[in-house]
$ cat structure.txt   # compact mmCIF, C-alpha atoms
# COMPACT_ATOMS: atom_id res chain seq x y z
CA MET A 23 -63.00 -55.25 -93.41
CA ASN A 24 -61.58 -56.43 -90.11
CA ALA A 25 -63.20 -57.11 -86.77
CA ALA A 26 -62.26 -53.73 -85.36
CA THR A 27 -64.16 -51.78 -88.01
CA GLU A 28 -67.01 -54.00 -89.16
CA PRO A 29 -70.23 -52.04 -88.50
CA SER A 30 -72.69 -54.90 -88.89
CA ARG A 31 -71.26 -56.58 -85.87
CA SER A 32 -71.27 -53.68 -83.42
CA PRO A 33 -72.86 -55.08 -80.24
CA ARG A 34 -75.39 -53.33 -78.10
CA VAL A 35 -74.00 -51.33 -75.19
CA VAL A 36 -74.39 -53.16 -71.88
CA ASP A 37 -75.63 -50.98 -69.02
CA PRO A 38 -73.51 -50.67 -65.83
CA GLY A 39 -76.06 -52.56 -63.68
CA THR A 40 -75.94 -55.56 -65.99
CA LEU A 41 -72.14 -55.40 -66.05
CA ARG A 42 -72.02 -55.54 -62.26
CA ARG A 43 -74.26 -58.63 -62.23
CA VAL A 44 -72.13 -60.21 -64.95
CA ILE A 45 -69.00 -59.63 -62.87
CA VAL A 46 -70.56 -61.33 -59.83
CA ALA A 47 -71.91 -64.26 -61.86
CA ALA A 48 -68.56 -64.83 -63.57
CA ALA A 49 -66.49 -64.35 -60.42
CA ILE A 50 -68.39 -66.57 -57.98
CA GLY A 51 -67.91 -69.76 -59.97
CA ASN A 52 -64.26 -68.94 -60.40
CA PHE A 53 -64.09 -68.33 -56.63
CA VAL A 54 -65.48 -71.81 -55.89
CA GLU A 55 -63.05 -73.43 -58.34
CA TRP A 56 -59.93 -71.81 -56.90
CA PHE A 57 -61.11 -72.01 -53.29
CA ASP A 58 -60.97 -75.79 -53.57
CA PHE A 59 -57.53 -75.83 -55.17
CA ALA A 60 -56.27 -73.40 -52.54
CA VAL A 61 -57.64 -75.41 -49.62
CA TYR A 62 -56.01 -78.53 -51.00
CA GLY A 63 -52.66 -76.76 -51.25
CA PHE A 64 -52.82 -75.11 -47.82
CA LEU A 65 -53.86 -78.36 -46.13
CA ALA A 66 -51.40 -80.50 -48.10
CA THR A 67 -49.51 -81.73 -45.04
CA THR A 68 -52.74 -82.70 -43.23
CA ILE A 69 -54.18 -84.40 -46.33
CA ALA A 70 -50.91 -86.32 -46.72
CA GLN A 71 -51.32 -87.71 -43.19
CA GLN A 72 -54.97 -88.67 -43.73
CA PHE A 73 -54.81 -90.27 -47.18
CA PHE A 74 -51.29 -91.57 -47.74
CA ALA A 75 -49.63 -94.10 -45.46
CA SER A 76 -45.89 -93.52 -45.38
CA GLY A 77 -43.22 -93.49 -42.73
CA ASP A 78 -41.55 -90.61 -44.61
CA ALA A 79 -43.49 -87.34 -44.33
CA SER A 80 -41.80 -85.89 -47.45
CA VAL A 81 -42.84 -88.92 -49.53
CA ALA A 82 -46.45 -88.53 -48.36
CA LEU A 83 -46.31 -84.83 -49.24
CA LEU A 84 -44.97 -85.63 -52.70
CA LYS A 85 -47.87 -88.07 -53.22
CA THR A 86 -50.35 -85.39 -52.16
CA PHE A 87 -48.88 -82.90 -54.64
CA ALA A 88 -48.89 -85.64 -57.30
CA VAL A 89 -52.67 -86.00 -56.86
CA PHE A 90 -52.83 -82.21 -57.11
CA ALA A 91 -51.03 -82.47 -60.47
CA VAL A 92 -53.09 -85.45 -61.74
CA ALA A 93 -56.28 -83.39 -61.46
CA PHE A 94 -54.77 -80.94 -63.92
CA ALA A 95 -54.35 -83.70 -66.50
CA PHE A 96 -58.14 -83.69 -66.91
CA ARG A 97 -58.39 -79.95 -67.39
CA PRO A 98 -57.54 -79.97 -71.14
CA LEU A 99 -60.17 -82.67 -71.70
CA GLY A 100 -62.72 -80.62 -69.78
CA GLY A 101 -61.66 -77.54 -71.71
CA ILE A 102 -62.26 -79.29 -75.03
CA VAL A 103 -65.65 -80.75 -74.03
CA PHE A 104 -67.04 -77.65 -72.31
CA GLY A 105 -65.41 -75.33 -74.85
CA MET A 106 -67.15 -77.05 -77.76
CA LEU A 107 -70.45 -77.05 -75.89
CA GLY A 108 -70.01 -73.38 -74.99
CA ASP A 109 -69.37 -72.45 -78.62
CA ARG A 110 -72.36 -74.51 -79.79
CA LEU A 111 -74.92 -73.87 -77.03
CA GLY A 112 -73.78 -70.63 -75.43
CA ARG A 113 -71.69 -69.52 -72.45
CA LYS A 114 -74.40 -69.27 -69.80
CA ARG A 115 -75.64 -72.88 -69.65
CA ILE A 116 -72.17 -74.40 -69.69
CA LEU A 117 -70.97 -72.14 -66.88
CA ALA A 118 -73.95 -73.27 -64.79
CA LEU A 119 -72.92 -76.90 -65.36
CA THR A 120 -69.25 -76.34 -64.49
CA ILE A 121 -70.02 -74.71 -61.15
CA LEU A 122 -72.44 -77.52 -60.26
CA LEU A 123 -69.81 -80.19 -60.93
CA MET A 124 -67.04 -78.31 -59.15
CA ALA A 125 -69.03 -77.55 -56.00
CA GLY A 126 -70.38 -81.10 -55.80
CA ALA A 127 -66.96 -82.70 -56.13
CA THR A 128 -65.41 -80.36 -53.58
CA THR A 129 -68.15 -81.17 -51.08
CA LEU A 130 -67.51 -84.90 -51.57
CA ILE A 131 -63.85 -84.49 -50.56
CA GLY A 132 -65.07 -83.15 -47.22
CA LEU A 133 -67.09 -86.35 -46.74
CA LEU A 134 -64.43 -88.89 -47.77
CA PRO A 135 -63.29 -91.62 -45.34
CA THR A 136 -59.54 -91.56 -44.65
CA TYR A 137 -56.83 -94.21 -45.14
CA SER A 138 -57.27 -95.49 -41.59
CA ALA A 139 -60.95 -96.24 -42.34
CA ILE A 140 -60.91 -97.78 -45.82
CA GLY A 141 -57.25 -98.25 -46.72
CA LEU A 142 -56.18 -97.77 -50.35
CA TRP A 143 -59.71 -96.84 -51.36
CA ALA A 144 -59.16 -93.47 -49.65
CA PRO A 145 -56.39 -92.16 -51.97
CA ALA A 146 -58.11 -93.81 -54.94
CA LEU A 147 -61.39 -91.98 -54.29
CA LEU A 148 -59.54 -88.74 -53.56
CA THR A 149 -57.78 -89.01 -56.92
CA LEU A 150 -61.05 -89.78 -58.74
CA ILE A 151 -62.82 -86.76 -57.23
CA ARG A 152 -59.86 -84.54 -58.00
CA CYS A 153 -60.10 -85.70 -61.62
CA VAL A 154 -63.78 -84.68 -61.73
CA GLN A 155 -62.78 -81.31 -60.33
CA GLY A 156 -60.07 -80.94 -62.95
CA PHE A 157 -62.53 -81.85 -65.71
CA SER A 158 -65.11 -79.29 -64.58
CA ALA A 159 -62.45 -76.63 -63.94
CA GLY A 160 -61.33 -77.07 -67.54
CA GLY A 161 -64.46 -75.27 -68.69
CA GLU A 162 -64.67 -72.68 -65.91
CA TYR A 163 -61.95 -70.03 -66.19
CA ALA A 164 -61.87 -69.53 -69.96
CA GLY A 165 -65.68 -69.54 -70.03
CA ALA A 166 -65.95 -67.00 -67.21
CA CYS A 167 -63.45 -64.73 -68.98
CA ALA A 168 -65.29 -65.01 -72.29
CA TYR A 169 -68.64 -64.35 -70.60
CA LEU A 170 -67.33 -61.21 -68.93
CA MET A 171 -65.26 -59.92 -71.87
CA GLU A 172 -68.14 -60.32 -74.31
CA HIS A 173 -70.17 -57.91 -72.14
CA ALA A 174 -67.40 -55.39 -71.39
CA PRO A 175 -66.74 -52.14 -73.30
CA ARG A 176 -63.77 -52.37 -75.66
CA HIS A 177 -61.61 -49.70 -74.00
CA LYS A 178 -61.92 -51.20 -70.48
CA ARG A 179 -61.83 -54.95 -71.12
CA ALA A 180 -58.76 -55.65 -68.98
CA TRP A 181 -60.19 -53.56 -66.13
CA TYR A 182 -63.49 -55.44 -66.12
CA GLY A 183 -61.71 -58.72 -66.76
CA SER A 184 -59.43 -58.10 -63.77
CA PHE A 185 -62.32 -59.01 -61.46
CA VAL A 186 -61.95 -62.65 -62.50
CA PRO A 187 -58.38 -62.71 -61.10
CA VAL A 188 -59.71 -60.72 -58.10
CA SER A 189 -62.03 -63.64 -57.35
CA THR A 190 -59.12 -66.04 -57.82
CA PHE A 191 -56.84 -64.29 -55.33
CA SER A 192 -59.78 -63.69 -52.97
CA ALA A 193 -60.55 -67.42 -53.04
CA PHE A 194 -56.97 -68.20 -52.03
CA ALA A 195 -57.09 -65.54 -49.33
CA ALA A 196 -60.35 -66.95 -47.95
CA ALA A 197 -58.91 -70.46 -48.00
CA ALA A 198 -55.78 -69.25 -46.21
CA VAL A 199 -57.84 -67.42 -43.56
CA ILE A 200 -59.92 -70.53 -42.89
CA ALA A 201 -56.85 -72.76 -42.79
CA TYR A 202 -55.14 -70.29 -40.43
CA ALA A 203 -58.21 -70.11 -38.16
CA LEU A 204 -58.49 -73.88 -38.03
CA ASP A 205 -54.80 -74.27 -37.33
CA ALA A 206 -54.90 -71.66 -34.57
CA GLY A 207 -58.20 -72.72 -33.01
CA LEU A 208 -58.08 -76.51 -33.11
CA SER A 209 -55.79 -79.04 -31.54
CA SER A 210 -53.76 -81.23 -33.88
CA GLU A 211 -56.03 -84.16 -33.00
CA ALA A 212 -59.22 -82.24 -33.84
CA MET A 213 -57.68 -80.92 -37.06
CA ALA A 214 -56.75 -84.44 -38.14
CA SER A 215 -60.11 -85.88 -37.12
CA TRP A 216 -62.62 -83.44 -38.60
CA GLY A 217 -61.22 -79.90 -38.87
CA TRP A 218 -59.66 -80.39 -42.31
CA ARG A 219 -63.09 -81.31 -43.73
CA LEU A 220 -64.78 -77.97 -42.98
CA PRO A 221 -63.27 -75.86 -45.80
CA PHE A 222 -64.32 -78.42 -48.42
CA LEU A 223 -67.90 -78.52 -47.12
CA ILE A 224 -68.19 -74.74 -47.52
CA ALA A 225 -68.28 -75.30 -51.30
CA ALA A 226 -71.87 -76.61 -51.17
CA PRO A 227 -73.68 -73.35 -50.26
CA LEU A 228 -71.27 -71.26 -52.37
CA GLY A 229 -71.96 -73.46 -55.37
CA LEU A 230 -75.72 -73.16 -54.97
CA VAL A 231 -75.51 -69.36 -54.84
CA GLY A 232 -73.32 -69.33 -57.95
CA LEU A 233 -75.65 -71.70 -59.79
CA TYR A 234 -78.64 -69.48 -59.01
CA LEU A 235 -76.87 -66.36 -60.26
CA ARG A 236 -75.69 -67.96 -63.48
CA LEU A 237 -79.07 -69.46 -64.32
CA HIS A 238 -80.67 -66.03 -63.98
CA MET A 239 -78.22 -64.21 -66.26
CA GLY A 240 -78.65 -63.68 -70.00
CA GLU A 241 -76.44 -64.85 -72.84
CA THR A 242 -73.60 -62.59 -74.03
CA PRO A 243 -74.24 -60.00 -76.80
CA ALA A 244 -71.41 -61.49 -78.89
CA PHE A 245 -72.80 -65.03 -78.85
CA GLN A 246 -76.33 -63.76 -79.47
CA ALA A 247 -75.05 -61.92 -82.56
CA VAL A 248 -73.42 -65.11 -83.86
CA GLU A 249 -76.65 -67.05 -83.27
CA GLN A 250 -78.76 -64.43 -85.04
CA GLU A 251 -76.49 -64.57 -88.07
CA HIS A 252 -76.56 -68.40 -88.06
CA ALA A 253 -72.77 -68.37 -87.77
CA VAL A 254 -72.38 -70.76 -84.81
CA ALA A 255 -69.47 -73.13 -85.42
CA HIS A 256 -70.61 -76.67 -86.22
CA SER A 257 -67.22 -78.15 -85.37
CA PRO A 258 -65.45 -75.74 -82.99
CA LEU A 259 -62.56 -78.09 -82.21
CA ALA A 260 -61.69 -78.81 -85.84
CA GLU A 261 -61.98 -75.12 -86.72
CA THR A 262 -59.82 -74.15 -83.75
CA LEU A 263 -57.04 -76.57 -84.65
CA ARG A 264 -57.18 -75.64 -88.33
CA LYS A 265 -57.15 -71.86 -87.93
CA HIS A 266 -55.63 -71.04 -84.56
CA ALA A 267 -52.87 -73.57 -83.83
CA ARG A 268 -50.12 -70.93 -84.01
CA ALA A 269 -52.00 -68.51 -81.78
CA ILE A 270 -52.59 -71.30 -79.26
CA LEU A 271 -48.86 -72.05 -79.14
CA CYS A 272 -47.82 -68.40 -78.80
CA LEU A 273 -50.43 -67.49 -76.19
CA GLY A 274 -49.90 -70.82 -74.42
CA ALA A 275 -46.21 -69.98 -74.02
CA PHE A 276 -47.14 -66.79 -72.20
CA VAL A 277 -49.89 -68.42 -70.14
CA SER A 278 -47.30 -70.94 -68.94
CA LEU A 279 -45.72 -68.09 -66.96
CA THR A 280 -49.13 -67.06 -65.64
CA ALA A 281 -49.69 -70.60 -64.42
CA LEU A 282 -46.27 -71.06 -62.85
CA SER A 283 -46.05 -67.67 -61.16
CA PHE A 284 -49.60 -68.03 -59.87
CA TYR A 285 -49.03 -71.41 -58.25
CA MET A 286 -45.58 -70.52 -56.98
CA PHE A 287 -47.10 -67.49 -55.28
CA THR A 288 -50.43 -68.88 -54.06
CA THR A 289 -49.91 -72.57 -53.33
CA TYR A 290 -46.24 -73.48 -53.06
CA PHE A 291 -45.00 -70.45 -51.11
CA ALA A 292 -46.96 -71.42 -48.00
CA THR A 293 -45.00 -74.67 -47.96
CA TYR A 294 -41.70 -72.97 -48.91
CA LEU A 295 -41.97 -70.51 -46.04
CA GLN A 296 -42.19 -73.44 -43.64
CA VAL A 297 -39.60 -75.75 -45.20
CA ALA A 298 -36.95 -73.21 -46.30
CA GLY A 299 -37.85 -70.21 -44.13
CA GLY A 300 -38.53 -72.04 -40.89
CA LEU A 301 -41.81 -70.23 -40.24
CA SER A 302 -44.56 -71.97 -38.36
CA ARG A 303 -47.58 -73.20 -40.30
CA ALA A 304 -49.70 -70.41 -38.81
CA GLY A 305 -47.06 -67.80 -39.63
CA ALA A 306 -46.73 -68.98 -43.23
CA LEU A 307 -50.50 -68.89 -43.72
CA LEU A 308 -50.67 -65.36 -42.28
CA VAL A 309 -48.01 -64.19 -44.73
CA SER A 310 -50.02 -65.78 -47.54
CA VAL A 311 -53.24 -64.05 -46.46
CA ILE A 312 -51.59 -60.62 -46.42
CA ALA A 313 -50.00 -61.15 -49.84
CA LEU A 314 -53.20 -62.56 -51.39
CA LEU A 315 -55.29 -59.63 -50.19
CA PHE A 316 -52.63 -57.30 -51.62
CA ALA A 317 -52.84 -59.17 -54.94
CA ALA A 318 -56.64 -58.94 -55.06
CA LEU A 319 -56.52 -55.20 -54.37
CA ILE A 320 -54.05 -54.40 -57.16
CA CYS A 321 -55.78 -56.47 -59.88
CA PRO A 322 -57.98 -53.55 -61.09
CA LEU A 323 -54.88 -51.32 -61.17
CA ALA A 324 -53.15 -53.91 -63.35
CA GLY A 325 -56.22 -54.00 -65.60
CA ALA A 326 -56.26 -50.22 -65.98
CA PHE A 327 -52.52 -50.30 -66.74
CA SER A 328 -52.99 -52.93 -69.47
CA ASP A 329 -55.88 -51.02 -71.05
CA ARG A 330 -53.70 -47.91 -71.14
CA VAL A 331 -50.40 -49.32 -72.46
CA GLY A 332 -51.69 -52.33 -74.41
CA ARG A 333 -51.28 -56.08 -74.10
CA ARG A 334 -47.81 -56.42 -75.61
CA THR A 335 -46.26 -53.85 -73.29
CA THR A 336 -48.00 -55.51 -70.33
CA MET A 337 -46.61 -58.91 -71.31
CA LEU A 338 -43.11 -57.47 -71.70
CA CYS A 339 -43.28 -55.76 -68.29
CA THR A 340 -44.58 -58.95 -66.68
CA CYS A 341 -41.77 -61.15 -67.98
CA LEU A 342 -39.02 -58.68 -67.13
CA LEU A 343 -40.44 -57.99 -63.67
CA LEU A 344 -40.62 -61.67 -62.76
CA ILE A 345 -37.11 -62.35 -64.08
CA VAL A 346 -35.69 -59.51 -61.97
CA ALA A 347 -37.80 -60.10 -58.84
CA VAL A 348 -37.87 -63.86 -58.41
CA TYR A 349 -34.44 -64.38 -56.79
CA PRO A 350 -34.88 -61.53 -54.27
CA ALA A 351 -38.36 -62.89 -53.52
CA PHE A 352 -37.06 -66.37 -52.69
CA LEU A 353 -34.09 -65.00 -50.72
CA LEU A 354 -36.40 -62.87 -48.57
CA ALA A 355 -38.86 -65.74 -48.13
CA ARG A 356 -36.23 -68.13 -46.81
CA SER A 357 -34.70 -65.57 -44.43
CA GLY A 358 -36.86 -66.67 -41.49
CA SER A 359 -38.04 -63.11 -40.89
CA PHE A 360 -41.80 -62.53 -40.93
CA ALA A 361 -41.48 -59.01 -42.41
CA ALA A 362 -38.95 -60.13 -45.03
CA ALA A 363 -41.21 -63.03 -45.99
CA ILE A 364 -44.08 -60.60 -46.63
CA ALA A 365 -41.84 -58.39 -48.77
CA GLY A 366 -40.62 -61.40 -50.74
CA VAL A 367 -44.03 -62.81 -51.49
CA MET A 368 -45.34 -59.36 -52.48
CA LEU A 369 -42.52 -59.04 -55.01
CA LEU A 370 -43.71 -62.23 -56.65
CA ALA A 371 -47.34 -61.16 -56.31
CA VAL A 372 -46.98 -58.08 -58.54
CA GLY A 373 -45.70 -60.16 -61.45
CA ALA A 374 -48.31 -62.85 -60.90
CA VAL A 375 -51.09 -60.24 -60.87
CA LEU A 376 -49.92 -58.52 -64.07
CA SER A 377 -49.63 -61.89 -65.78
CA GLY A 378 -53.05 -63.09 -64.62
CA VAL A 379 -54.88 -59.89 -65.56
CA VAL A 380 -53.46 -59.62 -69.07
CA THR A 381 -54.09 -63.33 -69.62
CA ALA A 382 -57.78 -62.89 -68.76
CA ALA A 383 -58.06 -60.34 -71.58
CA LEU A 384 -55.88 -62.18 -74.09
CA LEU A 385 -57.84 -65.42 -73.80
CA SER A 386 -60.85 -63.71 -75.37
CA GLU A 387 -59.11 -61.16 -77.60
CA THR A 388 -56.91 -63.70 -79.39
CA PHE A 389 -59.77 -65.79 -80.81
CA PRO A 390 -63.07 -65.04 -82.65
CA THR A 391 -66.50 -65.47 -81.05
CA ARG A 392 -67.48 -68.66 -82.87
CA THR A 393 -64.52 -70.64 -81.46
CA ARG A 394 -63.50 -68.41 -78.53
CA TYR A 395 -64.56 -70.77 -75.72
CA THR A 396 -62.90 -73.84 -77.29
CA ALA A 397 -59.65 -72.15 -78.32
CA SER A 398 -59.16 -70.20 -75.10
CA ALA A 399 -59.99 -73.22 -72.92
CA ILE A 400 -57.48 -75.41 -74.77
CA THR A 401 -54.78 -72.74 -74.51
CA TYR A 402 -55.37 -71.99 -70.86
CA ASN A 403 -55.71 -75.57 -69.66
CA LEU A 404 -52.75 -76.99 -71.54
CA ALA A 405 -50.51 -74.31 -70.04
CA TYR A 406 -51.92 -74.79 -66.55
CA THR A 407 -51.61 -78.56 -66.80
CA LEU A 408 -47.97 -78.45 -67.85
CA PHE A 409 -46.80 -75.58 -65.66
CA GLY A 410 -49.45 -74.86 -63.02
CA GLY A 411 -50.52 -78.20 -61.64
CA THR A 412 -46.92 -79.42 -61.59
CA ALA A 413 -45.52 -76.28 -59.89
CA PRO A 414 -45.51 -77.56 -56.27
CA LEU A 415 -44.27 -80.98 -57.39
CA MET A 416 -41.51 -79.52 -59.58
CA ALA A 417 -40.39 -77.09 -56.88
CA THR A 418 -40.21 -79.86 -54.26
CA TRP A 419 -38.39 -82.17 -56.68
CA LEU A 420 -35.90 -79.51 -57.81
CA ILE A 421 -34.94 -78.66 -54.23
CA GLY A 422 -34.44 -82.34 -53.48
CA LEU A 423 -32.42 -82.86 -56.68
CA THR A 424 -30.15 -79.83 -56.38
CA GLY A 425 -30.08 -79.33 -52.64
CA SER A 426 -30.71 -75.62 -53.25
CA SER A 427 -33.87 -73.93 -51.98
CA LEU A 428 -33.41 -71.33 -54.76
CA SER A 429 -33.74 -73.81 -57.64
CA PRO A 430 -37.49 -73.07 -58.18
CA ALA A 431 -36.50 -69.44 -58.91
CA ALA A 432 -34.25 -70.56 -61.78
CA TYR A 433 -37.12 -72.66 -63.14
CA LEU A 434 -39.44 -69.63 -63.12
CA ILE A 435 -36.85 -67.51 -64.98
CA ALA A 436 -36.55 -70.15 -67.70
CA VAL A 437 -40.34 -70.21 -68.17
CA ALA A 438 -40.42 -66.39 -68.20
CA LEU A 439 -38.03 -66.39 -71.17
CA LEU A 440 -40.30 -68.85 -72.98
CA ALA A 441 -43.29 -66.63 -72.18
CA LEU A 442 -41.50 -63.56 -73.49
CA ALA A 443 -40.87 -65.24 -76.85
CA GLY A 444 -44.47 -66.41 -77.16
CA GLY A 445 -46.03 -63.16 -76.00
CA MET A 446 -44.01 -60.97 -78.34
CA ALA A 447 -45.14 -63.12 -81.29
CA LEU A 448 -48.75 -62.01 -80.69
CA PRO A 449 -50.23 -58.81 -82.15
CA GLU A 450 -51.67 -55.95 -80.12
CA THR A 451 -55.32 -56.71 -79.28
CA SER A 452 -56.40 -54.14 -76.70
CA ARG A 453 -58.59 -52.17 -79.14
CA ILE A 454 -59.97 -54.86 -81.43
CA SER A 455 -63.64 -55.83 -81.54
CA LEU A 456 -64.67 -59.18 -80.06
CA HIS A 457 -67.59 -59.49 -82.47
CA GLY A 458 -66.05 -60.16 -85.86
CA GLU A 459 -64.81 -63.24 -87.67
CA ASP A 460 -61.25 -61.93 -87.86
CA SER A 461 -59.11 -62.88 -84.88
CA ALA A 462 -55.80 -61.84 -83.48
CA GLY A 463 -54.58 -65.38 -84.02
CA GLU A 464 -55.29 -65.19 -87.74
CA ARG A 465 -53.66 -61.74 -88.01
CA ALA A 466 -50.60 -63.02 -86.15
CA ALA A 467 -49.97 -65.47 -88.97
CA GLY A 468 -49.24 -62.67 -91.45
CA PRO A 469 -46.66 -59.87 -91.53
CA GLY A 470 -47.36 -56.31 -90.52
CA HIS A 471 -50.07 -57.03 -87.97
CA GLY A 472 -48.16 -56.65 -84.75
CA HIS A 473 -49.86 -53.42 -83.75
CA LEU A 474 -53.48 -53.41 -84.90
CA ILE A 475 -55.38 -50.34 -83.76

$ encode --input "structure.txt" --output "structure tokens"
Amino acid sequence: MNAATEPSRSPRVVDPGTLRRVIVAAAIGNFVEWFDFAVYGFLATTIAQQFFASGDASVALLKTFAVFAVAFAFRPLGGIVFGMLGDRLGRKRILALTILLMAGATTLIGLLPTYSAIGLWAPALLTLIRCVQGFSAGGEYAGACAYLMEHAPRHKRAWYGSFVPVSTFSAFAAAAVIAYALDAGLSSEAMASWGWRLPFLIAAPLGLVGLYLRLHMGETPAFQAVEQEHAVAHSPLAETLRKHARAILCLGAFVSLTALSFYMFTTYFATYLQVAGGLSRAGALLVSVIALLFAALICPLAGAFSDRVGRRTTMLCTCLLLIVAVYPAFLLARSGSFAAAIAGVMLLAVGAVLSGVVTAALLSETFPTRTRYTASAITYNLAYTLFGGTAPLMATWLIGLTGSSLSPAAYLIAVALLALAGGMALPETSRISLHGEDSAGERAAGPGHGHLI
């Protein structure tokens, strides 16, 4: 008997009021996490001036993006540690811990002395705090998705799960609005002196609100069922590597496109619009705000689409859309026209949204409850480390190497082809139960399981 039909594991139905509170609790921690990463990306040129001494502005910018990438190196470690704890102790307590660490580290960045005050200690401390952020973020996204999916009704998982990406894009939009307001309202001297600190300090009250909400929520029905049956995994990491290595590789290949398209769209494009498109910093940020709000608004539509057509069709559409749209998007973005820049970034946004929404569902649907947190966190964070955290650095390096401002588009197409191969190796999971021992990853290992109903 498989997970989709096993009656003993049918979970209780969660009422709509509880689902709404679950959405808020899951989304606010994710908002804090991505708000920090967005602020760092949008203020990259200012941070480069404050923390890295260099006569060459491009070298300082590369160092800033390198620190951005280094933080991602700690995400897989955080995913393993928090994933194992989440599968042993439950989702709720671990998510409270991750938001506490993330908000605290982000606040500390806003209090850091700069290079002019303490010399090399400034970039060293910045790197250390970014590593703490990366470690805590490693347990946040996959855990938030699992927490939400394990409450959601089977036929609307992608729709409910889409509110996690909504919080992600909203966090970037909020960061862009604040960066735009600071850039427009402060002199360059005030921005360099204290203005850049304000967005990081906002994390403190947001983190406290998120911590309160998460501490006052219950555990998920799926994990409670596993606890009641004394089926909690004693060694989640070993079990994950033994049973789900192939699923991790296949899903990780698709998530690589999610990571790259997301960071190309949200973080790097603000820089690209200035460097290749000649827009002012304020103009580039305004384009980003419009596109991010558009992305947040269409996330539920993408979720409803995925629930209707299934995960495999959604993955296929995502890969093909990004392959077709990426060159026009970059051409429009570098045109120097404000309206064309908006059109270009929206083209990229649709693919990034589809990819992010289906990923939120697949992270939980591909693995069973007893190892779901560990397996999904490893998959997600490895892909984001290799392809997300390095996206701004790779794009900057490729343009410098080739002399072509369109070279990042070719890179995205190559990753989309990899994602297509990995995604099509996974079975259909949109109607399976999340409460059985059988997993999509295990079914993917055998023939004839590509379209489980």

$ closest_atom_pairs --input "structure.txt" --of "stretch 115-192 of chain A" --to "stretch 58-77 of chain A" --cutoff "8 Å" --atoms "only C-alpha atoms" --output "CSV"
residue,atom,partner,partner_atom,distance
A:Thr128,CA,A:Asp58,CA,6.4
A:Thr136,CA,A:Gln72,CA,5.5
A:Tyr137,CA,A:Phe73,CA,4.9
A:Ser138,CA,A:Gln72,CA,7.5
A:Ala144,CA,A:Phe73,CA,5.9
A:Pro145,CA,A:Phe73,CA,5.4

$ residues_near_point --input "structure.txt" --point "(-72.7, -70.8, -75.8)" --cutoff "10 Å" --atoms "all atoms listed in the file" --output "mmCIF file with C-alpha atoms, in the coordinates of the input"
data_model
loop_
_atom_site.group_PDB
_atom_site.id
_atom_site.type_symbol
_atom_site.label_atom_id
_atom_site.label_comp_id
_atom_site.auth_asym_id
_atom_site.auth_seq_id
_atom_site.Cartn_x
_atom_site.Cartn_y
_atom_site.Cartn_z
ATOM 1 C CA PHE A 104 -67.040 -77.650 -72.310
ATOM 2 C CA GLY A 105 -65.410 -75.330 -74.850
ATOM 3 C CA MET A 106 -67.150 -77.050 -77.760
ATOM 4 C CA LEU A 107 -70.450 -77.050 -75.890
ATOM 5 C CA GLY A 108 -70.010 -73.380 -74.990
ATOM 6 C CA ASP A 109 -69.370 -72.450 -78.620
ATOM 7 C CA ARG A 110 -72.360 -74.510 -79.790
ATOM 8 C CA LEU A 111 -74.920 -73.870 -77.030
ATOM 9 C CA GLY A 112 -73.780 -70.630 -75.430
ATOM 10 C CA ARG A 113 -71.690 -69.520 -72.450
ATOM 11 C CA LYS A 114 -74.400 -69.270 -69.800
ATOM 12 C CA ARG A 115 -75.640 -72.880 -69.650
ATOM 13 C CA ILE A 116 -72.170 -74.400 -69.690
ATOM 14 C CA LEU A 117 -70.970 -72.140 -66.880
ATOM 15 C CA GLY A 165 -65.680 -69.540 -70.030
ATOM 16 C CA TYR A 169 -68.640 -64.350 -70.600
ATOM 17 C CA GLU A 241 -76.440 -64.850 -72.840
ATOM 18 C CA THR A 242 -73.600 -62.590 -74.030
ATOM 19 C CA ALA A 244 -71.410 -61.490 -78.890
ATOM 20 C CA PHE A 245 -72.800 -65.030 -78.850
ATOM 21 C CA GLN A 246 -76.330 -63.760 -79.470
ATOM 22 C CA VAL A 248 -73.420 -65.110 -83.860
ATOM 23 C CA GLU A 249 -76.650 -67.050 -83.270
ATOM 24 C CA VAL A 254 -72.380 -70.760 -84.810
ATOM 25 C CA THR A 391 -66.500 -65.470 -81.050
ATOM 26 C CA ARG A 392 -67.480 -68.660 -82.870
ATOM 27 C CA THR A 393 -64.520 -70.640 -81.460
ATOM 28 C CA ARG A 394 -63.500 -68.410 -78.530
ATOM 29 C CA TYR A 395 -64.560 -70.770 -75.720
#

$ closest_residue --input "structure.txt" --among "A:Ser215, A:Ser377, A:Thr401, A:Thr293" --to "A:Ala441" --atoms "all atoms listed in the file"
A:Ser377

$ atom_distance --input "structure.txt" --atom1 "atom CA of A:Val297" --atom2 "atom CA of A:Ser283"
19.0 Å

$ closest_residue --input "structure.txt" --among "A:Leu259, A:Leu134, A:Ala174, A:Val199" --to "A:Gly39" --atoms "only C-alpha atoms"
A:Ala174

$ residues_near_point --input "structure.txt" --point "(-51.9, -84.3, -65.9)" --cutoff "9 Å" --atoms "only C-alpha atoms" --output "compact mmCIF listing (two decimals) with C-alpha atoms, in the coordinates of the input"
# COMPACT_ATOMS: atom_id res chain seq x y z
CA ALA A 91 -51.03 -82.47 -60.47
CA VAL A 92 -53.09 -85.45 -61.74
CA ALA A 93 -56.28 -83.39 -61.46
CA PHE A 94 -54.77 -80.94 -63.92
CA ALA A 95 -54.35 -83.70 -66.50
CA PHE A 96 -58.14 -83.69 -66.91
CA ARG A 97 -58.39 -79.95 -67.39
CA PRO A 98 -57.54 -79.97 -71.14
CA THR A 407 -51.61 -78.56 -66.80
CA LEU A 408 -47.97 -78.45 -67.85
CA GLY A 411 -50.52 -78.20 -61.64
CA THR A 412 -46.92 -79.42 -61.59
